[in-house]
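Peer 1: Contents of run-v5.txt (compact mmCIF, C-alpha atoms):
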# COMPACT_ATOMS: atom_id res chain seq x y z
CA MET X 1 13.72 -10.16 80.63
CA ASN X 2 10.84 -8.30 78.94
CA LYS X 3 13.30 -6.18 76.96
CA ARG X 4 15.11 -9.32 75.85
CA LYS X 5 11.85 -10.95 74.76
CA SER X 6 10.88 -7.78 72.90
CA LEU X 7 14.24 -7.65 71.15
CA ASN X 8 14.01 -11.33 70.20
CA GLY X 9 10.50 -10.82 68.83
CA ASN X 10 11.61 -7.87 66.76
CA LEU X 11 14.60 -9.86 65.49
CA ILE X 12 12.22 -12.61 64.36
CA GLY X 13 10.37 -9.93 62.41
CA LEU X 14 13.61 -9.00 60.66
CA ILE X 15 14.24 -12.65 59.76
CA ILE X 16 10.72 -13.00 58.32
CA LEU X 17 11.24 -9.81 56.30
CA ILE X 18 14.45 -11.24 54.86
CA ILE X 19 12.54 -14.38 53.86
CA TYR X 20 9.98 -12.21 52.06
CA ILE X 21 12.77 -10.42 50.21
CA PHE X 22 14.07 -13.80 49.03
CA LEU X 23 10.50 -14.70 48.03
CA ALA X 24 10.38 -11.62 45.83
CA ILE X 25 13.82 -12.10 44.28
CA PHE X 26 13.87 -15.90 43.94
CA PRO X 27 10.23 -17.09 43.92
CA GLN X 28 11.22 -20.22 41.98
CA TRP X 29 13.11 -21.42 45.06
CA PHE X 30 9.86 -21.66 47.00
CA SER X 31 7.42 -22.84 44.35
CA SER X 32 7.94 -24.85 41.18
CA GLN X 33 4.46 -24.00 39.89
CA ASP X 34 3.81 -21.30 37.27
CA PRO X 35 1.44 -18.73 38.83
CA LEU X 36 -0.10 -17.91 35.43
CA THR X 37 -0.69 -21.43 34.10
CA HIS X 38 -4.38 -22.31 33.80
CA ASN X 39 -5.68 -25.83 34.42
CA ILE X 40 -9.46 -25.81 34.32
CA ALA X 41 -9.52 -29.54 35.08
CA LYS X 42 -8.17 -28.72 38.58
CA ARG X 43 -10.42 -25.70 39.12
CA LEU X 44 -10.89 -24.87 42.85
CA ALA X 45 -9.04 -28.03 43.88
CA LEU X 46 -8.56 -28.52 47.60
CA PRO X 47 -5.06 -28.78 49.11
CA GLY X 48 -3.34 -31.91 47.96
CA SER X 49 -0.44 -33.34 46.03
CA GLY X 50 1.06 -30.79 43.68
CA ASN X 51 -0.98 -27.91 45.09
CA LEU X 52 -0.12 -27.07 48.67
CA PHE X 53 -3.19 -24.87 49.24
CA GLY X 54 -5.26 -25.89 46.25
CA THR X 55 -6.11 -23.91 43.13
CA ASP X 56 -8.19 -20.88 42.20
CA GLU X 57 -11.17 -20.55 39.86
CA LEU X 58 -8.88 -20.92 36.81
CA GLY X 59 -6.90 -23.84 38.18
CA ARG X 60 -3.83 -21.76 39.07
CA ASP X 61 -1.81 -22.80 42.11
CA ILE X 62 -2.74 -20.58 45.08
CA PHE X 63 0.55 -20.94 46.91
CA ALA X 64 2.56 -20.12 43.76
CA ARG X 65 0.49 -16.99 43.17
CA CYS X 66 1.03 -15.90 46.77
CA VAL X 67 4.78 -16.46 46.47
CA TYR X 68 5.03 -14.49 43.22
CA GLY X 69 2.67 -11.88 44.66
CA ALA X 70 5.41 -10.95 47.14
CA ARG X 71 7.41 -9.52 44.23
CA SER X 72 4.51 -7.32 43.13
CA SER X 73 3.84 -6.00 46.62
CA LEU X 74 7.49 -5.32 47.47
CA ILE X 75 8.19 -3.65 44.12
CA VAL X 76 5.23 -1.31 44.58
CA ALA X 77 6.25 -0.63 48.19
CA MET X 78 9.86 0.06 47.22
CA MET X 79 8.91 2.44 44.41
CA ALA X 80 6.40 4.21 46.64
CA VAL X 81 8.97 4.61 49.40
CA ILE X 82 11.52 6.08 46.98
CA ILE X 83 9.00 8.61 45.67
CA SER X 84 7.73 9.65 49.10
CA THR X 85 11.22 9.79 50.64
CA VAL X 86 12.72 11.95 47.88
CA LEU X 87 9.81 14.38 47.78
CA GLY X 88 9.20 14.53 51.51
CA VAL X 89 12.84 14.92 52.54
CA PHE X 90 13.57 17.52 49.85
CA PHE X 91 10.62 19.75 50.68
CA GLY X 92 11.10 19.16 54.41
CA LEU X 93 14.66 20.46 54.19
CA ILE X 94 13.61 23.48 52.12
CA SER X 95 10.71 24.29 54.41
CA GLY X 96 12.59 23.96 57.69
CA TYR X 97 15.69 25.80 56.48
CA SER X 98 13.92 28.66 54.66
CA GLY X 99 11.24 29.47 57.25
CA GLY X 100 8.89 32.38 56.68
CA LEU X 101 6.39 32.28 53.84
CA VAL X 102 8.04 29.27 52.18
CA ASP X 103 7.69 27.23 55.36
CA THR X 104 4.10 28.36 55.89
CA PHE X 105 3.06 27.58 52.32
CA LEU X 106 4.68 24.13 52.22
CA SER X 107 3.41 23.19 55.68
CA ARG X 108 -0.17 24.11 54.78
CA ALA X 109 0.08 22.26 51.47
CA PHE X 110 1.21 19.04 53.15
CA ASP X 111 -1.36 19.49 55.92
CA ILE X 112 -4.05 19.54 53.23
CA LEU X 113 -2.59 16.46 51.57
CA ILE X 114 -2.44 14.48 54.81
CA SER X 115 -5.98 15.49 55.79
CA PHE X 116 -7.48 13.31 53.05
CA PRO X 117 -7.66 9.52 53.47
CA ALA X 118 -4.92 7.87 51.43
CA ILE X 119 -7.27 5.41 49.77
CA ILE X 120 -9.56 8.24 48.54
CA ILE X 121 -6.67 10.14 46.93
CA ALA X 122 -5.39 6.88 45.46
CA LEU X 123 -8.77 6.07 43.93
CA ALA X 124 -9.06 9.55 42.42
CA LEU X 125 -5.56 9.62 40.92
CA ILE X 126 -5.67 6.09 39.53
CA THR X 127 -8.96 6.95 37.84
CA VAL X 128 -7.11 9.78 36.06
CA VAL X 129 -3.68 8.27 35.31
CA GLY X 130 -4.80 4.70 34.71
CA GLN X 131 -4.15 1.31 36.28
CA ASN X 132 -0.55 0.12 36.15
CA VAL X 133 2.39 -0.55 38.47
CA LEU X 134 3.91 2.93 38.11
CA ALA X 135 0.57 4.63 38.73
CA VAL X 136 -0.10 2.59 41.87
CA ALA X 137 3.42 3.24 43.21
CA PHE X 138 3.23 6.96 42.42
CA VAL X 139 -0.13 7.35 44.11
CA ILE X 140 0.95 5.51 47.27
CA GLY X 141 4.23 7.44 47.33
CA LEU X 142 2.46 10.77 46.96
CA VAL X 143 0.04 10.21 49.82
CA SER X 144 2.94 9.06 52.04
CA THR X 145 5.08 12.14 51.37
CA PRO X 146 3.79 14.23 54.34
CA VAL X 147 5.29 11.72 56.80
CA PHE X 148 8.82 12.41 55.60
CA PHE X 149 8.13 16.11 55.18
CA ARG X 150 7.12 16.56 58.81
CA ILE X 151 10.02 14.56 60.24
CA THR X 152 12.65 16.27 58.07
CA ARG X 153 11.21 19.72 58.69
CA ALA X 154 11.15 19.21 62.47
CA ILE X 155 14.77 18.03 62.59
CA THR X 156 15.89 20.83 60.26
CA LEU X 157 14.26 23.47 62.46
CA LYS X 158 16.06 21.99 65.46
CA VAL X 159 19.49 21.65 63.86
CA LYS X 160 19.87 24.61 61.51
CA ASN X 161 20.88 27.08 64.24
CA LEU X 162 23.24 24.81 66.17
CA ALA X 163 26.86 25.87 66.59
CA TYR X 164 28.42 23.40 64.17
CA VAL X 165 25.99 24.40 61.40
CA ASP X 166 26.81 28.07 62.03
CA ALA X 167 30.50 27.20 61.86
CA VAL X 168 30.08 25.55 58.46
CA ARG X 169 28.03 28.53 57.27
CA THR X 170 30.74 30.92 58.49
CA PHE X 171 33.29 29.19 56.28
CA GLY X 172 31.18 30.12 53.28
CA ALA X 173 29.50 26.78 52.56
CA PRO X 174 26.60 27.15 50.10
CA ASN X 175 23.05 26.36 51.18
CA ARG X 176 23.09 23.16 49.13
CA TYR X 177 26.05 21.89 51.14
CA LEU X 178 24.42 22.89 54.43
CA LEU X 179 21.17 21.15 53.55
CA PHE X 180 22.45 17.87 52.14
CA ARG X 181 25.85 17.42 53.81
CA THR X 182 25.39 19.02 57.22
CA ILE X 183 21.70 18.93 58.19
CA LEU X 184 20.41 15.88 56.32
CA PRO X 185 22.73 13.33 58.05
CA ASN X 186 20.98 14.17 61.33
CA CYS X 187 17.75 12.83 59.82
CA TYR X 188 19.02 9.44 58.65
CA ASN X 189 17.92 7.34 61.62
CA GLU X 190 14.39 8.72 61.77
CA ILE X 191 14.02 8.62 58.00
CA PHE X 192 15.09 4.98 57.81
CA VAL X 193 12.60 3.90 60.46
CA GLN X 194 9.84 5.80 58.67
CA ILE X 195 10.83 4.16 55.39
CA LEU X 196 9.91 0.81 56.92
CA MET X 197 6.64 2.12 58.37
CA VAL X 198 5.65 3.71 55.06
CA ALA X 199 6.54 0.47 53.26
CA SER X 200 4.11 -1.46 55.48
CA ARG X 201 1.45 1.16 54.83
CA ALA X 202 2.14 0.98 51.08
CA ILE X 203 1.60 -2.78 51.11
CA ILE X 204 -1.78 -2.35 52.81
CA VAL X 205 -2.86 0.40 50.39
CA GLU X 206 -1.72 -1.64 47.38
CA ALA X 207 -3.63 -4.66 48.65
CA SER X 208 -6.70 -2.48 49.23
CA LEU X 209 -6.52 -1.06 45.70
CA SER X 210 -6.08 -4.54 44.24
CA PHE X 211 -9.03 -5.74 46.31
CA LEU X 212 -11.11 -2.98 44.69
CA GLY X 213 -9.81 -3.90 41.23
CA LEU X 214 -7.58 -0.80 40.90
CA GLY X 215 -4.20 -2.23 41.85
CA MET X 216 -1.96 -4.59 39.92
CA PRO X 217 -3.69 -5.39 36.61
CA PRO X 218 -4.50 -9.08 36.04
CA PRO X 219 -3.26 -11.69 35.41
CA ALA X 220 -0.33 -10.55 37.58
CA PRO X 221 -0.59 -12.24 41.00
CA SER X 222 -1.68 -9.81 43.69
CA TRP X 223 -2.62 -10.59 47.28
CA GLY X 224 -5.42 -8.03 47.34
CA GLY X 225 -6.81 -9.30 44.06
CA MET X 226 -6.72 -12.87 45.35
CA LEU X 227 -8.60 -11.83 48.47
CA SER X 228 -11.24 -10.16 46.33
CA LYS X 229 -11.69 -13.19 44.08
CA GLY X 230 -11.36 -15.73 46.87
CA ARG X 231 -14.27 -14.38 48.90
CA ASN X 232 -16.60 -15.62 46.14
CA PHE X 233 -15.34 -19.18 46.54
CA MET X 234 -15.14 -19.53 50.32
CA TYR X 235 -17.26 -22.69 50.35
CA GLN X 236 -15.33 -24.38 47.52
CA ASN X 237 -11.81 -23.66 48.82
CA VAL X 238 -11.48 -21.56 51.98
CA TRP X 239 -7.68 -21.42 51.58
CA TYR X 240 -8.15 -19.19 48.55
CA SER X 241 -8.94 -16.25 50.85
CA ILE X 242 -6.99 -17.24 53.93
CA ILE X 243 -3.49 -17.67 52.45
CA PRO X 244 -3.19 -14.24 50.72
CA GLY X 245 -4.40 -12.60 53.93
CA VAL X 246 -1.78 -14.47 55.95
CA PHE X 247 0.94 -13.34 53.54
CA ILE X 248 -0.16 -9.69 53.90
CA VAL X 249 -0.37 -9.79 57.70
CA LEU X 250 2.97 -11.51 58.16
CA LEU X 251 4.76 -9.08 55.84
CA VAL X 252 3.27 -5.97 57.45
CA LEU X 253 4.03 -7.25 60.95
CA SER X 254 7.58 -8.24 60.00
CA ILE X 255 8.27 -4.74 58.66
CA GLN X 256 6.88 -3.08 61.77
CA PHE X 257 8.82 -5.37 64.10
CA THR X 258 11.97 -4.68 62.07
CA ALA X 259 11.39 -0.94 62.52
CA ARG X 260 11.08 -1.46 66.27
CA TYR X 261 14.23 -3.59 66.27
CA ILE X 262 16.19 -0.80 64.55
CA LYS X 263 14.81 1.79 66.99
CA GLU X 264 15.92 -0.26 69.97
CA ARG X 265 19.36 -0.84 68.46
CA ASN X 266 19.76 2.90 67.86
CA ARG X 267 18.92 3.67 71.49
CA LYS X 268 21.81 1.49 72.59
Can you dump the structure from the file as structure tokens?
Peer 2:
Amino acid sequence: MNKRKSLNGNLIGLIILIIYIFLAIFPQWFSSQDPLTHNIAKRLALPGSGNLFGTDELGRDIFARCVYGARSSLIVAMMAVIISTVLGVFFGLISGYSGGLVDTFLSRAFDILISFPAIIIALALITVVGQNVLAVAFVIGLVSTPVFFRITRAITLKVKNLAYVDAVRTFGAPNRYLLFRTILPNCYNEIFVQILMVASRAIIVEASLSFLGLGMPPPAPSWGGMLSKGRNFMYQNVWYSIIPGVFIVLLVLSIQFTARYIKERNRK
């Protein structure tokens, strides 16, 4: 019974994640309001007709900006995941397969990278490269790379000396074939689960950077930026801060529950 409840809960997370994906791709289906249109006459309006959760300090619809903010968050998360997956898996394969000094050097390098808080590295790099979508995604992807490196390296160390890999090597297969066609497929399940976990982390980091004013540049809707602005207007419209936070929490939880759902399905 408990396993069934757990599976149902994780499945609900998957459904919510799918809804968020539709929010990002088709935001106009969920809100007819333009998230960038100013209407000073309706500044900080409370929830009512035409504005489900009221308006912000410039008269923009809060719900519309949250809906369109899903696109910003998911795009940054997707780009960050691609960067971290490609770099982490590639160097993890090289490190685990090569061994020796190459393995030692790469392992120490990624240990150093993971020892620093992600937000600190992100703040430093964005200060250098500037504030834009690509910079934010690159920074988040870079600090998430060690996760994929460690997983891929561990599986490579375990698999590279197994009989079927030796058999392929005996037939004269080049190292490139061994790495990407023989060893890498053993990593797919773990890598996919980590992709989801890193995506949830990327959303939190992006929201944190936007909260600090270093994420998505305005006037693009951003949940973290809305949280930062909304805290100054808590007494005028409390929904201004609550709704973006709810969107962040639900998305992060849905991704994590989806990862658990996939893990449980793989065990079966």
Peer 1: Distance cut-off 7 Å, centre (9.0, -11.3, 61.1) in file coordinates, counting all atoms listed in the file: which residues qualify? Return them as an NGL selection string.
Peer 2: :X and (12-17 or 250 or 253-254 or 257)
Peer 1: Have a look at X:Asn10, X:Gln33, X:Ser72, X:Ser241 and name the one nearest to Asp56 of chain X; count only C-alpha atoms.
Peer 2: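 Under the stated criterion, the closest residue is X:Ser241.
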Peer 1: Can you work out which one of X:Val128, X:Ala64, X:Ile25, X:Val139 has the shortest atom-to-atom distance to Asn51 of chain X, counting all atoms listed in the file?
Peer 2: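 Smallest separation from Asn51 of chain X among the options: X:Ala64.
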Peer 1: Which residues of segment 158-245 of chain X come within 9 Å of segment 75-88 of chain X, and what is each one's closest atom pair and distance in Å (one decimal), counting all atoms listed in the file, sorted by chain and residue number, as a Markdown table?
Peer 2:
| residue | atom | partner | partner_atom | distance |
| --- | --- | --- | --- | --- |
| X:Ile191 | CA | X:Thr85 | CA | 8.0 |
| X:Ile195 | CA | X:Val81 | CA | 6.3 |
| X:Leu196 | CA | X:Val81 | CA | 8.5 |
| X:Val198 | CA | X:Val81 | CA | 6.6 |
| X:Ala199 | CA | X:Ala77 | CA | 5.2 |
| X:Ser200 | CA | X:Ala77 | CA | 7.6 |
| X:Arg201 | CA | X:Ala77 | CA | 8.4 |
| X:Ala202 | CA | X:Ala77 | CA | 5.3 |
| X:Ile203 | CA | X:Ala77 | CA | 5.9 |
| X:Glu206 | CA | X:Val76 | CA | 7.5 |
Peer 1: Could you save the residues just selected, with C-alpha atoms, as an mmCIF file, in the coordinates of the input?
Peer 2:
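So the final result, stored in result.cif, reads:
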data_model
loop_
_atom_site.group_PDB
_atom_site.id
_atom_site.type_symbol
_atom_site.label_atom_id
_atom_site.label_comp_id
_atom_site.auth_asym_id
_atom_site.auth_seq_id
_atom_site.Cartn_x
_atom_site.Cartn_y
_atom_site.Cartn_z
ATOM 1 C CA ILE X 191 14.020 8.620 58.000
ATOM 2 C CA ILE X 195 10.830 4.160 55.390
ATOM 3 C CA LEU X 196 9.910 0.810 56.920
ATOM 4 C CA VAL X 198 5.650 3.710 55.060
ATOM 5 C CA ALA X 199 6.540 0.470 53.260
ATOM 6 C CA SER X 200 4.110 -1.460 55.480
ATOM 7 C CA ARG X 201 1.450 1.160 54.830
ATOM 8 C CA ALA X 202 2.140 0.980 51.080
ATOM 9 C CA ILE X 203 1.600 -2.780 51.110
ATOM 10 C CA GLU X 206 -1.720 -1.640 47.380
#
Peer 1: Quick one: of X:Ile62, X:Ala70, X:Leu162, X:Ala45, who's nearest to Ile242 of chain X, counting all atoms listed in the file?
Peer 2: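 Looking at the shortest contact to Ile242 of chain X, the residue is X:Ile62.
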Peer 1: Smallest atom-to-atom distance to Val205 of chain X: which of X:Phe171, X:Tyr97, X:Tyr240, X:Phe138, using only C-alpha atoms?
Peer 2: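 Closest residue, counting only C-alpha atoms: X:Phe138.
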Peer 1: Tell me, in Å to one decimal, how far atom CA of Phe180 of chain X is from atom CA of Gln194 of chain X.
Peer 2: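 Taking atom CA of Phe180 of chain X as the start and atom CA of Gln194 of chain X as the end point, the length is 18.6 Å.
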Peer 1: Which of these residues is nearest to Phe192 of chain X, using all atoms listed in the file: X:Ser222, X:Gln131, X:Ser228, X:Thr258?
Peer 2: X:Thr258
Peer 1: Out of X:Ala122, X:Leu157, X:Ile21, X:Ile255, which residue has the shortest atom-to-atom distance to Ser144 of chain X when counting all atoms listed in the file?
Peer 2: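 Smallest separation from Ser144 of chain X among the options: X:Ala122.
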Peer 1: For atom CA of Ser208 of chain X and atom CA of Val252 of chain X, determine how far apart the two atoms are, in Å to one decimal place.
Peer 2: 13.4 Å
Peer 1: Just the residues within 8 Å of Ile243 of chain X, please, counting all atoms listed in the file, with nothing from its chain fewer than 4 positions along; format it as a list in words.
Peer 2: Phe53, Ile62, Phe63, Cys66, Trp239 and Phe247 of chain X
